[in-house]
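Note: the block below is final_6.csv and it holds CSV, C-alpha atoms.
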```
chain,number,residue,atom,x,y,z
A,1,MET,CA,-6.4,19.1,32.1
A,2,ASN,CA,-5.9,15.6,30.8
A,3,THR,CA,-4.8,15.4,27.2
A,4,ASN,CA,-7.5,12.7,26.6
A,5,ILE,CA,-10.8,14.2,27.6
A,6,ILE,CA,-12.6,10.8,27.2
A,7,GLU,CA,-11.2,7.3,27.5
A,8,LEU,CA,-13.1,4.0,26.9
A,9,LYS,CA,-11.3,0.9,28.1
A,10,GLY,CA,-12.6,-2.5,27.1
A,11,VAL,CA,-16.2,-1.2,26.8
A,12,SER,CA,-18.8,-3.7,25.6
A,13,LYS,CA,-22.6,-3.5,25.5
A,14,TYR,CA,-24.9,-6.5,25.3
A,15,TYR,CA,-28.7,-6.7,25.1
A,16,HIS,CA,-29.4,-10.2,26.3
A,17,ASP,CA,-26.9,-12.3,24.3
A,18,HIS,CA,-26.6,-9.9,21.4
A,19,ALA,CA,-23.4,-7.8,21.3
A,20,ILE,CA,-24.0,-4.1,20.3
A,21,LEU,CA,-20.5,-3.0,21.1
A,22,GLN,CA,-17.5,-5.3,21.5
A,23,ASP,CA,-14.4,-4.4,23.5
A,24,VAL,CA,-14.1,-0.8,22.4
A,25,ASN,CA,-10.9,1.0,23.4
A,26,LEU,CA,-10.9,4.7,22.5
A,27,GLU,CA,-9.1,7.9,23.4
A,28,VAL,CA,-10.7,11.2,22.6
A,29,LYS,CA,-8.4,14.2,22.7
A,30,ASN,CA,-9.3,17.4,24.4
A,31,ARG,CA,-10.7,20.0,22.0
A,32,GLU,CA,-10.8,17.8,19.0
A,33,PHE,CA,-13.7,17.3,16.5
A,34,LEU,CA,-14.3,13.5,16.3
A,35,THR,CA,-16.9,11.9,14.1
A,36,ILE,CA,-18.2,8.4,14.5
A,37,LEU,CA,-19.1,7.0,11.1
A,38,GLY,CA,-20.9,3.8,10.2
A,39,PRO,CA,-24.0,2.1,8.8
A,40,SER,CA,-27.3,1.8,10.6
A,41,GLY,CA,-27.1,-0.7,13.5
A,42,CYS,CA,-23.3,-0.6,13.8
A,43,GLY,CA,-23.4,0.7,17.4
A,44,LYS,CA,-22.4,4.3,16.9
A,45,THR,CA,-25.4,5.8,18.7
A,46,THR,CA,-25.0,3.3,21.5
A,47,LEU,CA,-21.4,4.4,21.9
A,48,LEU,CA,-22.6,8.0,22.2
A,49,ARG,CA,-25.2,7.0,24.8
A,50,LEU,CA,-22.6,5.2,26.8
A,51,ILE,CA,-20.5,8.4,26.9
A,52,SER,CA,-23.5,10.5,27.8
A,53,GLY,CA,-24.7,8.1,30.6
A,54,PHE,CA,-28.0,7.2,29.0
A,55,GLU,CA,-26.7,3.6,28.7
A,56,THR,CA,-24.5,1.6,31.1
A,57,PRO,CA,-21.7,-0.6,29.7
A,58,SER,CA,-21.9,-4.3,30.2
A,59,THR,CA,-18.2,-4.4,30.6
A,60,GLY,CA,-15.4,-1.9,30.7
A,61,THR,CA,-14.7,1.6,32.0
A,62,ILE,CA,-15.5,5.1,30.8
A,63,LEU,CA,-13.4,8.1,32.0
A,64,ILE,CA,-14.1,11.8,31.3
A,65,ASN,CA,-11.3,14.2,32.1
A,66,GLY,CA,-9.6,11.4,34.1
A,67,LYS,CA,-12.6,10.6,36.3
A,68,ASP,CA,-14.3,7.3,36.2
A,69,VAL,CA,-17.9,8.0,35.2
A,70,THR,CA,-19.0,4.5,34.3
A,71,GLY,CA,-21.9,4.4,36.7
A,72,LEU,CA,-22.6,8.2,36.9
A,73,ALA,CA,-26.0,9.6,35.9
A,74,PRO,CA,-26.2,11.8,32.7
A,75,HIS,CA,-26.8,15.1,34.6
A,76,LEU,CA,-23.6,14.5,36.7
A,77,ARG,CA,-21.4,14.2,33.6
A,78,PRO,CA,-19.7,17.3,32.0
A,79,VAL,CA,-21.2,16.5,28.7
A,80,ASN,CA,-24.4,17.6,26.8
A,81,THR,CA,-26.2,15.9,23.9
A,82,VAL,CA,-27.9,17.3,20.8
A,83,PHE,CA,-30.4,14.7,19.7
A,84,GLN,CA,-31.5,13.9,16.2
A,85,SER,CA,-35.0,15.1,17.0
A,86,TYR,CA,-33.7,18.3,18.7
A,87,ALA,CA,-36.2,17.6,21.6
A,88,LEU,CA,-37.2,21.2,22.1
A,89,PHE,CA,-40.1,22.0,24.4
A,90,PRO,CA,-42.9,23.1,22.0
A,91,HIS,CA,-44.7,25.3,24.6
A,92,MET,CA,-41.6,27.2,25.6
A,93,SER,CA,-40.0,30.2,23.8
A,94,VAL,CA,-36.5,30.0,22.3
A,95,PHE,CA,-35.2,31.8,25.4
A,96,ASP,CA,-36.9,29.5,27.8
A,97,ASN,CA,-35.7,26.4,25.9
A,98,VAL,CA,-32.1,27.5,26.2
A,99,ALA,CA,-32.5,28.7,29.8
A,100,PHE,CA,-34.1,25.4,31.0
A,101,GLY,CA,-30.9,23.7,32.2
A,102,LEU,CA,-29.7,26.8,33.9
A,103,ARG,CA,-32.9,27.3,35.8
A,104,CYS,CA,-32.7,23.7,36.9
A,105,LYS,CA,-29.4,24.6,38.5
A,106,HIS,CA,-31.1,27.5,40.3
A,107,LEU,CA,-28.7,30.2,38.9
A,108,ALA,CA,-29.4,33.8,39.4
A,109,LYS,CA,-31.7,35.5,36.8
A,110,PRO,CA,-29.1,38.0,35.6
A,111,GLU,CA,-26.6,35.2,35.0
A,112,ILE,CA,-29.2,33.1,33.2
A,113,GLU,CA,-30.1,36.0,30.9
A,114,GLN,CA,-26.5,36.8,30.1
A,115,ARG,CA,-25.5,33.2,29.3
A,116,VAL,CA,-28.7,32.5,27.2
A,117,TYR,CA,-28.2,35.6,25.0
A,118,GLU,CA,-24.5,34.8,24.7
A,119,ALA,CA,-25.4,31.3,23.5
A,120,LEU,CA,-28.1,32.6,21.1
A,121,ARG,CA,-25.6,35.1,19.7
A,122,MET,CA,-23.2,32.3,19.1
A,123,VAL,CA,-25.7,30.5,16.9
A,124,LYS,CA,-26.9,33.8,15.4
A,125,LEU,CA,-30.4,33.6,16.7
A,126,ASN,CA,-30.6,36.1,19.5
A,127,HIS,CA,-33.2,38.1,17.5
A,128,LEU,CA,-35.6,35.1,17.7
A,129,ALA,CA,-35.6,34.7,21.5
A,130,THR,CA,-39.3,35.2,21.9
A,131,ARG,CA,-40.5,32.7,19.2
A,132,LYS,CA,-41.8,29.2,19.7
A,133,PRO,CA,-40.1,26.2,18.1
A,134,HIS,CA,-42.9,25.7,15.6
A,135,GLN,CA,-42.2,29.2,14.2
A,136,LEU,CA,-38.6,28.2,13.3
A,137,SER,CA,-37.1,26.4,10.3
A,138,GLY,CA,-35.4,23.0,10.7
A,139,GLY,CA,-32.0,24.7,10.6
A,140,GLN,CA,-33.0,27.2,13.3
A,141,GLN,CA,-34.4,24.5,15.5
A,142,GLN,CA,-31.1,22.7,15.2
A,143,ARG,CA,-29.2,25.8,16.2
A,144,ILE,CA,-31.4,26.3,19.3
A,145,ALA,CA,-30.8,22.7,20.3
A,146,ILE,CA,-27.0,23.4,20.1
A,147,ALA,CA,-27.4,26.7,22.1
A,148,ARG,CA,-29.4,24.8,24.8
A,149,ALA,CA,-26.5,22.3,25.0
A,150,VAL,CA,-23.6,24.7,25.0
A,151,VAL,CA,-25.2,27.2,27.5
A,152,ASN,CA,-24.3,24.6,30.2
A,153,GLN,CA,-20.6,25.0,29.3
A,154,PRO,CA,-19.9,21.2,28.9
A,155,LEU,CA,-16.4,19.8,28.4
A,156,VAL,CA,-17.8,17.7,25.6
A,157,LEU,CA,-20.7,18.2,23.2
A,158,LEU,CA,-22.3,15.0,21.8
A,159,LEU,CA,-24.2,15.3,18.5
A,160,ASP,CA,-26.4,12.3,17.4
A,161,GLU,CA,-27.0,12.8,13.6
A,162,PRO,CA,-28.2,16.4,14.2
A,163,LEU,CA,-28.2,17.3,10.5
A,164,SER,CA,-30.0,14.2,9.1
A,165,SER,CA,-33.4,15.9,8.7
A,166,LEU,CA,-32.1,18.9,6.9
A,167,ASP,CA,-32.1,19.4,3.1
A,168,TYR,CA,-28.8,19.1,1.2
A,169,ARG,CA,-28.0,22.8,0.9
A,170,LEU,CA,-28.8,23.5,4.6
A,171,ARG,CA,-26.9,20.4,5.7
A,172,LYS,CA,-23.8,21.6,3.9
A,173,THR,CA,-24.1,25.1,5.5
A,174,MET,CA,-24.6,23.6,9.0
A,175,GLN,CA,-21.5,21.4,8.6
A,176,MET,CA,-19.4,24.4,8.1
A,177,GLU,CA,-21.1,26.2,11.0
A,178,LEU,CA,-20.6,23.3,13.3
A,179,LYS,CA,-16.9,23.3,12.6
A,180,GLN,CA,-16.7,27.0,13.2
A,181,LEU,CA,-18.7,26.7,16.4
A,182,GLN,CA,-16.4,24.0,17.7
A,183,ALA,CA,-13.4,26.2,17.1
A,184,GLN,CA,-15.1,29.1,18.8
A,185,LEU,CA,-16.2,27.2,21.9
A,186,ASP,CA,-12.8,25.4,22.1
A,187,ILE,CA,-14.3,22.2,23.4
A,188,THR,CA,-14.6,18.6,22.2
A,189,PHE,CA,-17.3,17.7,19.7
A,190,ILE,CA,-18.3,14.1,19.0
A,191,LEU,CA,-20.6,13.8,16.0
A,192,VAL,CA,-22.4,10.6,15.1
A,193,THR,CA,-23.3,10.3,11.4
A,194,HIS,CA,-23.8,7.8,8.6
A,195,ASP,CA,-23.0,10.5,6.0
A,196,GLN,CA,-19.4,10.0,4.7
A,197,GLU,CA,-19.0,13.5,3.3
A,198,GLU,CA,-20.2,15.0,6.6
A,199,ALA,CA,-17.7,12.9,8.6
A,200,LEU,CA,-14.8,13.8,6.3
A,201,SER,CA,-15.5,17.5,6.0
A,202,THR,CA,-16.0,18.2,9.7
A,203,ALA,CA,-13.7,15.9,11.6
A,204,ASP,CA,-10.1,16.1,12.9
A,205,ARG,CA,-10.4,12.3,13.3
A,206,VAL,CA,-12.9,9.7,12.1
A,207,ILE,CA,-13.9,6.5,13.8
A,208,VAL,CA,-15.3,3.9,11.3
A,209,MET,CA,-17.5,1.3,12.9
A,210,ASN,CA,-19.2,-1.9,11.8
A,211,HIS,CA,-21.1,-4.6,13.7
A,212,GLY,CA,-20.1,-3.1,17.0
A,213,LEU,CA,-16.4,-3.0,16.3
A,214,VAL,CA,-14.1,-0.1,15.6
A,215,GLU,CA,-12.7,-0.8,12.2
A,216,GLN,CA,-10.4,2.2,11.9
A,217,ILE,CA,-9.5,5.5,13.6
A,218,GLY,CA,-7.6,8.1,11.7
A,219,THR,CA,-7.7,11.5,10.0
A,220,PRO,CA,-10.2,11.9,7.2
A,221,ARG,CA,-7.4,11.6,4.7
A,222,GLU,CA,-6.1,8.4,6.3
A,223,VAL,CA,-9.4,6.6,6.3
A,224,TYR,CA,-10.1,7.6,2.7
A,225,GLU,CA,-6.7,7.1,1.2
A,226,GLU,CA,-5.4,4.3,3.4
A,227,PRO,CA,-8.3,2.1,4.5
A,228,LYS,CA,-7.4,-0.7,6.8
A,229,ASN,CA,-9.8,-3.2,5.3
A,230,LEU,CA,-12.4,-3.7,2.6
A,231,HIS,CA,-15.3,-2.6,4.8
A,232,VAL,CA,-13.7,0.8,5.4
A,233,ALA,CA,-12.8,1.2,1.8
A,234,ARG,CA,-16.4,0.4,0.6
A,235,PHE,CA,-18.1,2.5,3.2
A,236,VAL,CA,-16.0,5.7,3.0
A,237,GLY,CA,-16.6,6.9,-0.5
A,238,GLU,CA,-16.7,5.1,-3.9
A,239,VAL,CA,-14.1,2.6,-4.7
A,240,ASN,CA,-13.2,0.1,-7.4
A,241,ILE,CA,-12.0,-3.2,-6.0
A,242,PHE,CA,-10.1,-5.7,-8.3
A,243,THR,CA,-9.4,-9.3,-7.3
A,244,THR,CA,-5.7,-9.6,-7.8
A,245,LYS,CA,-3.8,-12.8,-8.6
A,246,VAL,CA,-0.3,-12.9,-7.2
A,247,LEU,CA,2.1,-14.5,-9.7
A,248,GLU,CA,5.4,-13.8,-7.9
A,249,ALA,CA,6.3,-12.1,-4.6
A,250,ASP,CA,9.4,-10.8,-3.0
A,251,PRO,CA,10.0,-8.4,-0.1
A,252,GLU,CA,9.9,-5.4,-2.5
A,253,PHE,CA,7.6,-6.1,-5.4
A,254,LEU,CA,4.6,-8.2,-6.4
A,255,GLN,CA,4.1,-9.5,-9.9
A,256,VAL,CA,0.3,-9.6,-10.2
A,257,GLU,CA,-2.5,-10.2,-12.7
A,258,ILE,CA,-5.5,-7.8,-12.6
A,259,GLU,CA,-8.4,-8.2,-15.0
A,260,GLU,CA,-6.2,-10.3,-17.3
A,261,LYS,CA,-3.3,-7.8,-17.4
A,262,ARG,CA,0.1,-8.1,-15.7
A,263,PHE,CA,1.5,-5.4,-13.4
A,264,THR,CA,4.4,-4.9,-11.0
A,265,LEU,CA,3.2,-3.4,-7.7
A,266,LYS,CA,5.1,-2.4,-4.5
A,267,ASN,CA,4.9,-5.0,-1.8
A,268,THR,CA,3.9,-2.6,1.0
A,269,LYS,CA,2.9,-5.2,3.6
A,270,ASN,CA,5.1,-8.2,2.9
A,271,TYR,CA,2.4,-10.1,1.1
A,272,ASN,CA,3.2,-13.5,-0.3
A,273,ALA,CA,2.1,-15.5,-3.4
A,274,SER,CA,-0.4,-17.7,-1.5
A,275,GLN,CA,-2.6,-14.8,-0.4
A,276,THR,CA,-5.7,-13.5,-2.1
A,277,LEU,CA,-5.2,-9.8,-2.6
A,278,TYR,CA,-7.4,-6.9,-3.7
A,279,THR,CA,-6.3,-3.8,-5.5
A,280,LEU,CA,-8.3,-0.7,-4.6
A,281,LEU,CA,-8.6,2.5,-6.7
A,282,ARG,CA,-10.8,5.5,-6.1
A,283,PRO,CA,-12.7,6.7,-9.1
A,284,GLU,CA,-10.7,9.9,-9.2
A,285,ASP,CA,-7.5,7.9,-9.5
A,286,LEU,CA,-8.4,6.6,-12.9
A,287,GLU,CA,-7.6,8.5,-16.1
A,288,VAL,CA,-9.9,8.0,-19.1
A,289,TRP,CA,-8.7,8.8,-22.6
A,290,GLY,CA,-10.3,8.6,-26.0
A,291,VAL,CA,-8.9,6.0,-28.4
A,292,ASN,CA,-7.4,8.7,-30.6
A,293,GLU,CA,-5.6,10.4,-27.7
A,294,VAL,CA,-3.4,7.4,-26.9
A,295,GLN,CA,-0.3,6.3,-28.8
A,296,ASP,CA,0.9,3.4,-26.5
A,297,PRO,CA,-1.9,1.7,-24.6
A,298,THR,CA,0.3,-1.1,-23.3
A,299,ASP,CA,-0.4,-0.4,-19.6
A,300,MET,CA,-4.0,0.6,-20.2
A,301,TYR,CA,-7.4,-1.2,-20.2
A,302,SER,CA,-9.7,-1.1,-23.1
A,303,ALA,CA,-13.3,-0.2,-22.0
A,304,VAL,CA,-16.6,1.0,-23.2
A,305,VAL,CA,-18.6,3.9,-21.7
A,306,VAL,CA,-21.8,2.6,-20.2
A,307,GLN,CA,-23.1,5.8,-18.6
A,308,VAL,CA,-22.1,9.5,-18.3
A,309,ILE,CA,-23.1,11.4,-15.2
A,310,TYR,CA,-22.6,15.1,-15.3
A,311,LYS,CA,-22.0,16.7,-11.9
A,312,GLY,CA,-21.0,20.2,-12.7
A,313,SER,CA,-17.3,20.3,-11.8
A,314,THR,CA,-16.8,16.6,-12.6
A,315,VAL,CA,-18.1,13.9,-14.9
A,316,ASP,CA,-18.6,10.3,-13.5
A,317,LEU,CA,-18.2,7.5,-16.0
A,318,ILE,CA,-19.5,4.0,-15.6
A,319,LEU,CA,-17.2,1.9,-17.8
A,320,LYS,CA,-17.2,-1.8,-18.8
A,321,LEU,CA,-13.9,-3.5,-19.3
A,322,LYS,CA,-13.3,-6.2,-21.8
A,323,THR,CA,-13.6,-8.8,-19.0
A,324,GLY,CA,-17.1,-7.6,-18.3
A,325,THR,CA,-16.2,-5.8,-15.0
A,326,GLN,CA,-17.9,-2.4,-14.5
A,327,ILE,CA,-15.8,0.3,-12.9
A,328,LEU,CA,-16.4,4.0,-11.9
A,329,ALA,CA,-14.1,6.8,-13.0
A,330,THR,CA,-14.4,10.5,-12.0
A,331,GLN,CA,-12.9,13.0,-14.5
A,332,PHE,CA,-12.4,16.7,-13.6
A,333,PHE,CA,-12.9,19.6,-15.9
A,334,ASN,CA,-9.6,21.5,-16.3
A,335,GLU,CA,-7.7,23.6,-18.9
A,336,ASP,CA,-6.4,20.4,-20.6
A,337,ASP,CA,-9.9,19.0,-21.2
A,338,GLU,CA,-12.6,21.6,-20.7
A,339,LYS,CA,-15.4,19.5,-22.4
A,340,LEU,CA,-15.0,15.9,-21.2
A,341,ASP,CA,-17.3,15.0,-24.0
A,342,PHE,CA,-17.7,11.2,-23.5
A,343,ARG,CA,-20.7,9.3,-24.9
A,344,PRO,CA,-22.3,6.0,-24.0
A,345,GLY,CA,-21.0,3.3,-26.3
A,346,GLU,CA,-17.7,5.1,-26.9
A,347,SER,CA,-14.5,3.0,-26.7
A,348,VAL,CA,-11.9,4.5,-24.3
A,349,TRP,CA,-8.6,3.6,-22.6
A,350,VAL,CA,-8.3,3.5,-18.8
A,351,TYR,CA,-5.1,4.1,-16.9
A,352,TRP,CA,-3.8,4.7,-13.4
A,353,HIS,CA,-0.4,5.8,-12.1
A,354,SER,CA,1.5,3.1,-10.4
A,355,GLY,CA,1.6,3.7,-6.6
A,356,TRP,CA,-1.9,5.3,-6.5
A,357,GLU,CA,-3.4,1.9,-5.7
A,358,VAL,CA,-4.1,0.4,-2.2
A,359,ILE,CA,-3.5,-3.3,-1.8
A,360,LEU,CA,-5.4,-5.3,0.9
A,361,SER,CA,-5.5,-9.0,1.6
A,362,ASP,CA,-8.6,-11.1,2.2
A,363,GLU,CA,-7.5,-11.4,5.9
A,364,GLU,CA,-7.9,-7.6,6.0
A,365,GLY,CA,-11.4,-7.8,4.4
```

Go ahead and render the structure in this file as structure tokens.
Amino acid sequence: MNTNIIELKGVSKYYHDHAILQDVNLEVKNREFLTILGPSGCGKTTLLRLISGFETPSTGTILINGKDVTGLAPHLRPVNTVFQSYALFPHMSVFDNVAFGLRCKHLAKPEIEQRVYEALRMVKLNHLATRKPHQLSGGQQQRIAIARAVVNQPLVLLLDEPLSSLDYRLRKTMQMELKQLQAQLDITFILVTHDQEEALSTADRVIVMNHGLVEQIGTPREVYEEPKNLHVARFVGEVNIFTTKVLEADPEFLQVEIEEKRFTLKNTKNYNASQTLYTLLRPEDLEVWGVNEVQDPTDMYSAVVVQVIYKGSTVDLILKLKTGTQILATQFFNEDDEKLDFRPGESVWVYWHSGWEVILSDEEG
């Protein structure tokens, strides 16, 4: 079997003169869990529909398992789709919903029964085979939709925001179950979502899209810790972005000014003094100290606590620097500071360890 189960080569999609997708080149590995992440209207669902065959590309080629399927109808492709609405037949039982595709293939009754109950056991709902969809919870309906898709033994399972209608706790549970199911089935999953946490927690790799373009492809850690541009940095998690003035530049180091304070940073991408740069720091990269806890604040910023947001295991702080810039810092409860007892209006010092920052240019924005 081909190492790449799906390949898109120069794929674009236009509606009249409006570009929905622009020159997408993508390789999806066999048996990986891939998530497509992006805001509404970025083209992620269109990309899924092109793979499934419900849309035809305006330009480019789509290969599945090495075979050109660009003009092939959906039912002739070795993929199945779980839709956001689940699309269950309300008048049919759970068993009949799952069996529908197999009956269309005119399989023998014993084989249908065996495969349906096998799929239902996989999603832990074989005891509900006789119920109708309206008698099921949202999470159960979602599992039935997955069972109906996997019973056909596809090479690829496509999931179009299948968890979006579930409440927070159930969504978290189903994220873990999807990951376990993918490992159990040992097939490729492609999940479309606008939920950053969902994308990072389930995927082997993440595609970040914007305005019909693929902005970055990488592991969850790569897209979070090493964003390729400002859009990716802003969309994937919270981030503090500081406009950075370059005072001096050489191949190894940059002398910069950030919020009226001078720093020496590593020149990781051969930036020069004529470029506008941005220094990016995640909230958890910032350390916040009370004024009485610091002896030498030379490399620290003075700030005032604007808001304290308690989140159980962490505390989020909205801070205002002397320059007027507001930033977000996340502090973790630990044995060194079990209380994290910050108060609005309190003066604090803010610090980050050199090397924890990401530097991007305006060309990469």

Task: Which residue of A:Gln84, A:Ala149, A:Trp289, A:Gly71 approaches A:Val98 most closely, using only C-alpha atoms - done: A:Ala149

Task: Point-to-point distance from atom CA of A:Leu107 to atom CA of A:Leu159, Å rounded to tenths - done: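 Going from atom CA of A:Leu107 over to atom CA of A:Leu159 covers 25.7 Å.
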
Which protein, DNA or RNA residues have an atom at most 10 Å from (-13.5, -3.5, 2.4), counting all atoms listed in the file? List them as a compact mmCIF listing (two decimals) with C-alpha atoms, in the coordinates of the input.
```txt
# COMPACT_ATOMS: atom_id res chain seq x y z
CA PRO A 227 -8.30 2.10 4.50
CA LYS A 228 -7.40 -0.70 6.80
CA ASN A 229 -9.80 -3.20 5.30
CA LEU A 230 -12.40 -3.70 2.60
CA HIS A 231 -15.30 -2.60 4.80
CA VAL A 232 -13.70 0.80 5.40
CA ALA A 233 -12.80 1.20 1.80
CA ARG A 234 -16.40 0.40 0.60
CA PHE A 235 -18.10 2.50 3.20
CA VAL A 236 -16.00 5.70 3.00
CA VAL A 239 -14.10 2.60 -4.70
CA ILE A 241 -12.00 -3.20 -6.00
CA TYR A 278 -7.40 -6.90 -3.70
CA LEU A 280 -8.30 -0.70 -4.60
CA LEU A 360 -5.40 -5.30 0.90
CA SER A 361 -5.50 -9.00 1.60
CA ASP A 362 -8.60 -11.10 2.20
CA GLU A 364 -7.90 -7.60 6.00
CA GLY A 365 -11.40 -7.80 4.40
```

TODO: Rounded to one decimal place, report the atom CA of A:Glu27-atom CA of A:Ile64 distance in Å.
DONE: 10.1 Å

Produce the centre coordinates and the three edge lengths, each in Å to one decimal, of the box along x, y and z that contains all listed atoms of stretch 65-74 of chain A with 6 Å added on each side, as AutoDock Vina command-line options.
```
--center_x -17.9 --center_y 9.3 --center_z 34.5 --size_x 28.6 --size_y 21.8 --size_z 16.8
```

Open item on the list: One number please: atom CA of A:Glu284 to atom CA of A:Leu247, in Å, one decimal.
Closed with: 27.6 Å

Atoms are missing here; could stretch 98-111 of chain A be completed with N, CA and C atoms and written as a compact mmCIF listing (two decimals), in the coordinates of the input?
```txt
# COMPACT_ATOMS: atom_id res chain seq x y z
N VAL A 98 -33.57 27.46 25.91
CA VAL A 98 -32.10 27.50 26.20
C VAL A 98 -31.85 27.70 27.66
N ALA A 99 -32.73 28.41 28.36
CA ALA A 99 -32.50 28.70 29.80
C ALA A 99 -32.89 27.52 30.69
N PHE A 100 -33.55 26.50 30.15
CA PHE A 100 -34.10 25.40 31.00
C PHE A 100 -33.09 24.79 31.90
N GLY A 101 -31.94 24.39 31.36
CA GLY A 101 -30.90 23.70 32.20
C GLY A 101 -30.35 24.60 33.24
N LEU A 102 -30.20 25.88 32.92
CA LEU A 102 -29.70 26.80 33.90
C LEU A 102 -30.62 27.06 35.05
N ARG A 103 -31.91 27.10 34.72
CA ARG A 103 -32.90 27.30 35.80
C ARG A 103 -32.96 26.04 36.70
N CYS A 104 -32.72 24.87 36.12
CA CYS A 104 -32.70 23.70 36.90
C CYS A 104 -31.53 23.70 37.94
N LYS A 105 -30.49 24.48 37.59
CA LYS A 105 -29.40 24.60 38.50
C LYS A 105 -29.54 25.78 39.47
N HIS A 106 -30.70 26.45 39.36
CA HIS A 106 -31.10 27.50 40.30
C HIS A 106 -30.05 28.70 40.22
N LEU A 107 -29.60 29.02 39.01
CA LEU A 107 -28.70 30.20 38.90
C LEU A 107 -29.48 31.46 38.96
N ALA A 108 -28.78 32.53 39.27
CA ALA A 108 -29.40 33.80 39.40
C ALA A 108 -29.94 34.31 38.04
N LYS A 109 -31.05 35.02 38.07
CA LYS A 109 -31.70 35.50 36.80
C LYS A 109 -30.77 36.29 35.93
N PRO A 110 -29.98 37.25 36.45
CA PRO A 110 -29.10 38.00 35.60
C PRO A 110 -28.06 37.11 34.86
N GLU A 111 -27.53 36.11 35.58
CA GLU A 111 -26.60 35.20 35.00
C GLU A 111 -27.21 34.35 33.89
```
